[in-house]
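K.L.:
Next comes the structure file model.cif, holding mmCIF, C-alpha atoms and all ligand atoms.
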data_input
#
loop_
_atom_site.label_atom_id
_atom_site.label_comp_id
_atom_site.auth_asym_id
_atom_site.auth_seq_id
_atom_site.Cartn_x
_atom_site.Cartn_y
_atom_site.Cartn_z
CA MET A 1 45.30 -68.77 17.10
CA PRO A 2 47.65 -67.30 19.70
CA GLU A 3 46.08 -67.75 23.12
CA LEU A 4 46.77 -65.77 26.28
CA PRO A 5 49.84 -67.84 27.27
CA GLU A 6 51.47 -67.26 23.88
CA VAL A 7 50.74 -63.55 24.13
CA GLU A 8 52.27 -63.45 27.61
CA VAL A 9 55.33 -65.38 26.40
CA THR A 10 55.66 -62.91 23.54
CA ARG A 11 55.44 -60.01 25.99
CA ARG A 12 58.15 -61.47 28.22
CA SER A 13 60.42 -62.12 25.24
CA PHE A 14 60.88 -58.42 24.47
CA ALA A 15 59.47 -56.32 27.34
CA GLU A 16 62.79 -55.90 29.15
CA ARG A 17 64.73 -55.17 25.99
CA ILE A 18 62.41 -52.51 24.63
CA ARG A 19 61.87 -50.71 27.93
CA GLY A 20 63.31 -47.20 27.79
CA ALA A 21 63.94 -47.36 24.04
CA ARG A 22 63.17 -44.34 21.91
CA VAL A 23 61.00 -44.75 18.82
CA LEU A 24 62.96 -43.72 15.73
CA SER A 25 60.29 -44.45 13.13
CA ALA A 26 57.28 -46.64 12.40
CA ALA A 27 55.92 -48.15 9.21
CA MET A 28 52.72 -49.92 8.25
CA GLY A 29 52.38 -52.64 5.62
CA LYS A 30 48.94 -53.72 4.41
CA PRO A 31 45.87 -52.69 6.42
CA LEU A 32 45.21 -54.77 9.50
CA ARG A 33 41.92 -55.43 11.25
CA TRP A 34 41.60 -51.85 12.53
CA PRO A 35 43.39 -48.66 11.49
CA LEU A 36 46.38 -47.48 13.50
CA GLY A 37 44.62 -44.23 14.34
CA ILE A 38 47.73 -42.05 14.05
CA GLU A 39 50.23 -41.26 11.32
CA PRO A 40 53.04 -43.80 11.87
CA GLY A 41 55.58 -40.98 11.72
CA MET A 42 53.93 -39.34 14.74
CA LEU A 43 55.21 -42.18 16.94
CA ALA A 44 58.81 -41.10 16.42
CA GLY A 45 60.45 -39.44 19.40
CA ARG A 46 58.32 -41.19 21.99
CA THR A 47 59.85 -43.49 24.58
CA VAL A 48 58.58 -46.97 25.38
CA ARG A 49 58.01 -47.08 29.10
CA GLU A 50 56.69 -50.56 29.62
CA VAL A 51 55.01 -53.50 27.90
CA GLY A 52 51.87 -54.71 29.61
CA ARG A 53 49.13 -57.11 28.66
CA ARG A 54 45.37 -57.15 29.11
CA GLY A 55 43.70 -60.32 27.87
CA LYS A 56 45.26 -60.95 24.48
CA TYR A 57 46.20 -57.31 23.93
CA LEU A 58 49.78 -56.22 24.39
CA LEU A 59 50.02 -52.65 25.62
CA LEU A 60 53.12 -50.68 24.77
CA TRP A 61 53.02 -47.77 27.17
CA MET A 62 54.80 -44.73 25.82
CA ASP A 63 55.63 -41.50 27.62
CA GLU A 64 52.56 -40.24 25.80
CA GLY A 65 49.87 -42.68 24.76
CA VAL A 66 49.68 -46.43 24.38
CA LEU A 67 49.99 -48.79 21.42
CA LEU A 68 47.71 -51.84 21.55
CA ILE A 69 48.83 -54.89 19.62
CA HIS A 70 46.62 -57.92 18.98
CA LEU A 71 47.99 -61.00 17.22
CA GLY A 72 44.64 -61.99 15.72
CA MET A 73 44.58 -65.48 14.18
CA SER A 74 48.10 -65.79 12.88
CA GLY A 75 50.18 -62.87 14.11
CA SER A 76 53.59 -63.05 15.72
CA LEU A 77 56.03 -60.41 16.90
CA ASN A 78 59.74 -60.33 16.38
CA PHE A 79 62.02 -57.90 18.17
CA SER A 80 65.55 -57.66 16.86
CA SER A 81 68.18 -55.19 15.80
CA GLN A 82 68.78 -57.16 12.64
CA LEU A 83 65.67 -57.73 10.59
CA PRO A 84 65.41 -58.18 6.83
CA PRO A 85 63.35 -55.61 4.85
CA LEU A 86 59.57 -55.81 5.36
CA GLY A 87 58.23 -59.00 3.75
CA ALA A 88 54.83 -59.54 2.15
CA HIS A 89 53.30 -60.60 5.47
CA ASP A 90 54.99 -58.04 7.71
CA HIS A 91 52.51 -55.27 8.42
CA PHE A 92 53.95 -53.14 11.17
CA ASP A 93 57.45 -52.08 12.17
CA LEU A 94 58.28 -50.03 15.23
CA VAL A 95 61.91 -49.03 14.85
CA THR A 96 63.43 -48.11 18.22
CA SER A 97 66.88 -47.33 19.58
CA ALA A 98 66.97 -50.88 21.01
CA GLY A 99 65.75 -52.76 17.95
CA THR A 100 62.77 -53.18 15.67
CA LEU A 101 59.48 -54.66 16.79
CA ARG A 102 57.83 -56.29 13.79
CA LEU A 103 54.36 -57.76 13.39
CA HIS A 104 54.20 -60.66 10.97
CA ASP A 105 50.59 -61.61 10.22
CA PRO A 106 49.73 -63.61 7.08
CA ARG A 107 45.96 -63.54 7.69
CA ARG A 108 45.85 -59.93 8.88
CA PHE A 109 43.28 -60.40 11.64
CA GLY A 110 45.77 -58.80 13.97
CA ALA A 111 45.84 -55.13 14.82
CA VAL A 112 48.04 -52.30 16.00
CA VAL A 113 46.02 -49.44 17.43
CA TRP A 114 47.01 -46.16 18.96
CA ALA A 115 45.19 -44.51 21.87
CA GLU A 116 45.92 -41.46 24.00
CA SER A 117 45.44 -43.59 27.10
CA GLU A 118 43.93 -46.86 28.26
CA HIS A 119 40.72 -44.96 29.04
CA ALA A 120 40.47 -43.22 25.68
CA ASP A 121 38.93 -44.79 22.60
CA PRO A 122 39.67 -47.05 20.87
CA ALA A 123 41.56 -48.64 23.81
CA ARG A 124 38.62 -48.18 26.17
CA LYS A 125 36.26 -49.94 23.75
CA LEU A 126 38.63 -52.79 22.99
CA LEU A 127 39.43 -53.49 26.63
CA ALA A 128 35.90 -53.00 27.97
CA GLY A 129 34.17 -56.16 29.06
CA LEU A 130 37.34 -58.16 29.60
CA GLY A 131 37.09 -60.37 32.67
CA MET A 132 39.67 -60.87 35.40
CA GLU A 133 43.27 -61.67 34.48
CA PRO A 134 43.79 -65.35 35.33
CA LEU A 135 47.45 -64.88 36.19
CA GLY A 136 46.99 -61.59 38.02
CA GLU A 137 46.29 -60.82 41.65
CA ASP A 138 42.76 -59.66 40.93
CA PHE A 139 41.76 -63.21 39.98
CA ASP A 140 40.32 -63.97 43.34
CA ALA A 141 38.38 -67.17 44.10
CA ALA A 142 35.51 -65.36 45.84
CA ARG A 143 35.10 -62.85 42.98
CA PHE A 144 35.26 -65.71 40.50
CA HIS A 145 32.48 -67.54 42.32
CA ALA A 146 30.41 -64.36 42.50
CA GLY A 147 30.87 -63.78 38.75
CA LEU A 148 29.81 -67.32 37.87
CA LYS A 149 26.76 -67.10 40.13
CA LEU A 150 25.28 -64.53 37.74
CA ARG A 151 25.65 -66.70 34.66
CA ARG A 152 23.16 -69.38 33.70
CA ALA A 153 24.98 -70.63 30.59
CA PRO A 154 27.03 -73.85 30.64
CA ILE A 155 30.34 -73.29 32.44
CA LYS A 156 32.39 -74.10 29.33
CA GLN A 157 30.69 -71.31 27.39
CA VAL A 158 30.99 -68.85 30.24
CA LEU A 159 34.74 -69.51 30.38
CA LEU A 160 35.06 -69.01 26.62
CA ALA A 161 33.08 -65.76 26.70
CA GLY A 162 35.94 -64.17 28.65
CA ASP A 163 33.86 -61.67 30.57
CA VAL A 164 34.29 -63.38 33.94
CA VAL A 165 37.90 -64.43 33.42
CA VAL A 166 39.95 -63.91 30.24
CA GLY A 167 42.35 -66.30 28.59
CA VAL A 168 40.55 -69.63 28.87
CA GLY A 169 40.35 -70.52 25.18
CA ASN A 170 38.71 -73.61 23.75
CA ILE A 171 41.50 -76.10 24.46
CA TYR A 172 42.16 -74.73 27.94
CA ALA A 173 38.47 -74.81 28.80
CA SER A 174 38.25 -78.57 28.27
CA GLU A 175 41.48 -79.11 30.17
CA VAL A 176 40.70 -76.99 33.23
CA LEU A 177 37.23 -78.48 33.57
CA PHE A 178 38.72 -81.97 33.50
CA LEU A 179 41.27 -81.00 36.15
CA ALA A 180 38.51 -79.54 38.32
CA GLY A 181 36.21 -82.55 37.80
CA ILE A 182 33.43 -80.36 36.41
CA ARG A 183 31.23 -81.36 33.50
CA PRO A 184 31.36 -78.69 30.76
CA THR A 185 27.56 -78.59 30.44
CA VAL A 186 26.85 -77.65 34.08
CA ARG A 187 25.28 -74.21 34.46
CA ALA A 188 27.87 -71.79 35.82
CA SER A 189 25.42 -70.42 38.38
CA ARG A 190 24.94 -73.86 39.90
CA LEU A 191 28.56 -74.49 40.82
CA SER A 192 29.25 -74.53 44.56
CA ARG A 193 32.00 -72.44 46.09
CA ILE A 194 34.12 -75.56 46.64
CA ARG A 195 33.85 -76.52 42.99
CA THR A 196 34.58 -73.01 41.71
CA ASP A 197 37.61 -72.92 44.03
CA ARG A 198 38.85 -76.07 42.32
CA LEU A 199 38.20 -74.55 38.91
CA HIS A 200 39.94 -71.33 39.93
CA ALA A 201 43.03 -73.30 40.96
CA ALA A 202 42.93 -75.36 37.75
CA ILE A 203 42.79 -72.25 35.55
CA ARG A 204 45.78 -70.71 37.29
CA GLU A 205 47.73 -73.94 37.17
CA VAL A 206 47.10 -74.75 33.51
CA LEU A 207 47.72 -71.23 32.20
CA ALA A 208 50.81 -70.70 34.36
CA ARG A 209 52.22 -74.01 33.16
CA ALA A 210 51.53 -73.06 29.53
CA VAL A 211 53.41 -69.78 30.02
CA GLU A 212 56.31 -71.64 31.65
CA ARG A 213 56.49 -74.03 28.74
CA GLY A 214 56.74 -71.09 26.36
CA GLY A 215 53.19 -70.94 25.07
CA SER A 216 50.95 -73.77 24.24
CA THR A 217 49.13 -75.09 21.34
CA LEU A 218 50.05 -73.65 18.01
CA ARG A 219 52.81 -75.33 16.11
CA ASP A 220 53.68 -72.28 14.07
CA PHE A 221 53.68 -69.92 16.99
CA SER A 222 56.97 -68.12 17.49
CA ASN A 223 57.94 -65.65 20.18
CA ALA A 224 59.61 -62.32 19.58
CA PHE A 225 63.03 -63.99 19.44
CA GLY A 226 61.82 -65.83 16.32
CA GLU A 227 62.04 -69.11 18.23
CA THR A 228 59.40 -71.57 17.20
CA GLY A 229 57.61 -73.61 19.76
CA HIS A 230 58.57 -76.78 21.47
CA PHE A 231 55.31 -76.28 23.25
CA GLN A 232 52.43 -78.54 22.94
CA LEU A 233 49.92 -78.66 25.64
CA GLU A 234 49.97 -82.09 27.18
CA ALA A 235 46.26 -82.46 26.79
CA ALA A 236 44.45 -84.76 29.20
CA VAL A 237 41.19 -84.68 27.26
CA TYR A 238 41.38 -82.21 24.37
CA GLY A 239 41.61 -83.97 21.01
CA ARG A 240 41.38 -87.38 22.71
CA ALA A 241 37.83 -88.45 21.81
CA ALA A 242 37.23 -92.17 22.43
CA GLN A 243 40.66 -92.63 24.01
CA PRO A 244 40.76 -93.88 27.59
CA CYS A 245 40.77 -91.25 30.33
CA GLY A 246 44.19 -91.17 31.98
CA ARG A 247 42.57 -91.23 35.40
CA CYS A 248 39.81 -93.84 35.10
CA GLY A 249 40.06 -95.46 31.67
CA THR A 250 36.57 -94.41 30.52
CA PRO A 251 36.55 -93.29 26.86
CA ILE A 252 36.76 -89.50 26.52
CA ARG A 253 33.60 -88.02 25.06
CA LEU A 254 33.35 -85.30 22.39
CA ILE A 255 30.38 -82.93 22.23
CA ARG A 256 29.68 -79.62 20.49
CA GLN A 257 28.88 -76.51 22.48
CA GLY A 258 28.21 -73.32 20.54
CA GLN A 259 29.95 -74.73 17.42
CA ARG A 260 33.07 -75.59 19.43
CA SER A 261 34.42 -79.02 20.37
CA THR A 262 34.33 -79.96 24.02
CA PHE A 263 36.08 -83.01 25.40
CA PHE A 264 35.39 -84.52 28.80
CA CYS A 265 35.41 -87.72 30.84
CA PRO A 266 31.85 -88.76 31.66
CA GLU A 267 33.13 -90.59 34.76
CA CYS A 268 35.53 -88.05 36.30
CA GLN A 269 33.47 -84.94 35.54
CA ALA A 270 30.07 -84.38 37.12
ZN ZN A 301 37.98 -90.32 33.81
#
Will you turn the file into structure tokens for me?
Ligand SMILES: [Zn+2]

P.N.:
Amino acid sequence: MPELPEVEVTRRSFAERIRGARVLSAAMGKPLRWPLGIEPGMLAGRTVREVGRRGKYLLLWMDEGVLLIHLGMSGSLNFSSQLPPLGAHDHFDLVTSAGTLRLHDPRRFGAVVWAESEHADPARKLLAGLGMEPLGEDFDAARFHAGLKLRRAPIKQVLLAGDVVVGVGNIYASEVLFLAGIRPTVRASRLSRIRTDRLHAAIREVLARAVERGGSTLRDFSNAFGETGHFQLEAAVYGRAAQPCGRCGTPIRLIRQGQRSTFFCPECQA
């Protein structure tokens, strides 16, 4: 599943090139997770102003309205002036004066959705409840601590829920908690300011590094240049059950939290 770093890498791979381009036409393939909400032909004539991102949604700002794109479980975007005809798993084409943006999504959990603005439905609904952006300026250590104070669930699950901070998926959650020395089962509300500061720094560091490396975890992930990943998160704990911790040598432990695997070092994380 594309995580926030992959989505950000995708954004960076075509944002500059599509900026200022005029939409010539648009076409849908098979239905995606949600309907587009506008006749594809109605997109023609609009200009792409900018490509933003909120959580795992890419936002293509037009001179009128915004197109939200979500990659779902298996989606990838390709932006090129030379694309073959739509294949069986290509479900959206935005043909612009600078090239065609194409969504390839074999499992079709992805979505392309039109909204009049970020504050109009369905954009408002889809973006409501998203926590702070981990790579943005609003991800402030004091606000992070204040957000965690209100949550009594285990910190790992609070991170995954995404309503305090977005983008910390299952693999990243184990990794950042290891880096911060925090046991995944600790109640979020019980973490001291010093410990949440460490977690805050770890989240920024791990996600920024994943973006730098071109994404993270999925072998079949490709960016909008069609380049497939050389990126594999160098996991310190994730997927390393029973292997010695790189810091202290204690075997890494695997537990389940809310049906998801959690990996941690029982010695380094308290
Ligand atoms: Zn250890």

K.L.:
Rounded to one decimal, what separation in Å do you get between CA of Arg11 in chain A and CA of Ala111 in chain A?

P.N.:
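The value is 15.5 Å.
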
K.L.:
So that each row is one residue of chain A with an atom at most 6 Å from ligand ZN 301 (chain A), can you give its shortest atom pair and the distance in Å to one decimal, using only C-alpha atoms and all ligand atoms, rows by chain and rising number, as a tab-separated table?

P.N.:
residue	atom	partner	partner_atom	distance
A:Cys245	CA	A:ZN301	ZN	4.6
A:Arg247	CA	A:ZN301	ZN	4.9
A:Cys248	CA	A:ZN301	ZN	4.2
A:Gly249	CA	A:ZN301	ZN	5.9
A:Thr250	CA	A:ZN301	ZN	5.4
A:Cys265	CA	A:ZN301	ZN	4.7
A:Glu267	CA	A:ZN301	ZN	4.9
A:Cys268	CA	A:ZN301	ZN	4.2

K.L.:
Tell me, as a PyMOL selection string, which residues lie within 12 Å of Arg19 in chain A, counting all atoms listed in the file; anything in the same chain fewer than 5 positions away does not count.

P.N.:
chain A and resi 11-14+46-52+60-63+96-99

K.L.:
Choose the residue, out of A:Arg198, A:Arg256, A:Lys125, A:Arg102, that has the smallest atom-to-atom separation from Asn78 in chain A; count only C-alpha atoms.

P.N.:
A:Arg102

K.L.:
So which residues fall inside 7 Å of (49.4, -51.4, 17.5) if we count all atoms listed in the file? Mind giving them as an mmCIF file with C-alpha atoms, in the coordinates of the input?

P.N.:
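File written: out.cif
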data_model
loop_
_atom_site.group_PDB
_atom_site.id
_atom_site.type_symbol
_atom_site.label_atom_id
_atom_site.label_comp_id
_atom_site.auth_asym_id
_atom_site.auth_seq_id
_atom_site.Cartn_x
_atom_site.Cartn_y
_atom_site.Cartn_z
ATOM 1 C CA LEU A 36 46.380 -47.480 13.500
ATOM 2 C CA LEU A 67 49.990 -48.790 21.420
ATOM 3 C CA LEU A 68 47.710 -51.840 21.550
ATOM 4 C CA ILE A 69 48.830 -54.890 19.620
ATOM 5 C CA ALA A 111 45.840 -55.130 14.820
ATOM 6 C CA VAL A 112 48.040 -52.300 16.000
ATOM 7 C CA VAL A 113 46.020 -49.440 17.430
ATOM 8 C CA TRP A 114 47.010 -46.160 18.960
#

K.L.:
Tell me, in Å to one decimal, how far CA of Val95 in chain A is from CA of Ser25 in chain A.

P.N.:
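Computing it gives 5.2 Å between the two atoms.
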
K.L.:
Out of A:Arg240, A:Arg195, A:Arg33, A:Arg17, which residue has the shortest atom-to-atom distance to Glu175 in chain A when counting all atoms listed in the file?

P.N.:
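Between A:Arg240, A:Arg195, A:Arg33, A:Arg17, the residue approaching Glu175 in chain A most closely is A:Arg240.
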
K.L.:
What's the separation between CA of Ala123 in chain A and CA of Ile38 in chain A, in Å to one decimal place?

P.N.:
13.3 Å

K.L.:
Name the closest residue to Pro40 in chain A among the candidates A:Ala235, A:Met28, A:Leu77, A:Ala146; distances are taken between atoms, counting only C-alpha atoms.

P.N.:
A:Met28

K.L.:
Would you list the contacts of Arg152 in chain A as an MDAnalysis selection string, taking every protein, DNA or RNA residue within 12 Å and counting all atoms listed in the file, but skipping same-chain residues closer than 2 positions in sequence?

P.N.:
chainID A and resid 147:150 154:158 185:191

K.L.:
How would the residues just picked look written out with C-alpha atoms as a PDB file, in the coordinates of the input?

P.N.:
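New file selection13.pdb:
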ATOM      1  CA  GLY A 147      30.870 -63.780  38.750  1.00  0.00           C
ATOM      2  CA  LEU A 148      29.810 -67.320  37.870  1.00  0.00           C
ATOM      3  CA  LYS A 149      26.760 -67.100  40.130  1.00  0.00           C
ATOM      4  CA  LEU A 150      25.280 -64.530  37.740  1.00  0.00           C
ATOM      5  CA  PRO A 154      27.030 -73.850  30.640  1.00  0.00           C
ATOM      6  CA  ILE A 155      30.340 -73.290  32.440  1.00  0.00           C
ATOM      7  CA  LYS A 156      32.390 -74.100  29.330  1.00  0.00           C
ATOM      8  CA  GLN A 157      30.690 -71.310  27.390  1.00  0.00           C
ATOM      9  CA  VAL A 158      30.990 -68.850  30.240  1.00  0.00           C
ATOM     10  CA  THR A 185      27.560 -78.590  30.440  1.00  0.00           C
ATOM     11  CA  VAL A 186      26.850 -77.650  34.080  1.00  0.00           C
ATOM     12  CA  ARG A 187      25.280 -74.210  34.460  1.00  0.00           C
ATOM     13  CA  ALA A 188      27.870 -71.790  35.820  1.00  0.00           C
ATOM     14  CA  SER A 189      25.420 -70.420  38.380  1.00  0.00           C
ATOM     15  CA  ARG A 190      24.940 -73.860  39.900  1.00  0.00           C
ATOM     16  CA  LEU A 191      28.560 -74.490  40.820  1.00  0.00           C
TER      17      LEU A 191
END

K.L.:
Using only C-alpha atoms, give me every residue within 10 Å of (48.7, -62.5, 6.7) in file coordinates, as a ChimeraX atom specification.

P.N.:
/A:30,32,72-75,88-91,103-110

K.L.:
Point out the residue among A:Arg209, A:Leu94, A:Leu83, A:His70 with the least atom-to-atom distance to Ala21 in chain A, counting only C-alpha atoms.

P.N.:
A:Leu94

K.L.:
Near Val166 in chain A, within 12 Å and counting all atoms listed in the file, which residues show up once chain neighbours fewer than 2 positions away are dropped, as a ChimeraX atom specification?

P.N.:
/A:3-5,53-57,127-136,138-139,144,158-164,168-170,172-173,203-204,207

K.L.:
Of the residues A:Arg213, A:Ala120, A:Ser174, A:Gly41, which is the one nearest to Ala241 in chain A, using only C-alpha atoms?

P.N.:
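Answer, going by the shortest atom-to-atom distance: A:Ser174.
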
K.L.:
Of the candidates A:Leu58, A:Ala180, A:Ser80, A:Pro85, which shows the shortest atom-to-atom distance to Leu126 in chain A, using all atoms listed in the file?

P.N.:
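So, comparing all the options, the nearest one is A:Leu58.
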
K.L.:
Need the shell around Ala270 in chain A: protein/DNA/RNA residues with any atom at most 8 Å away, counting only C-alpha atoms. Skip same-chain ones fewer than 4 positions apart. Format as a PyMOL selection string?

P.N.:
chain A and resi 181-183+266

K.L.:
So which residues touch Ala201 in chain A within 9 Å, counting only C-alpha atoms, skipping near sequence neighbours fewer than 5 positions away, as a VMD selection string?

P.N.:
chain A and resid 141 176 180 196 206
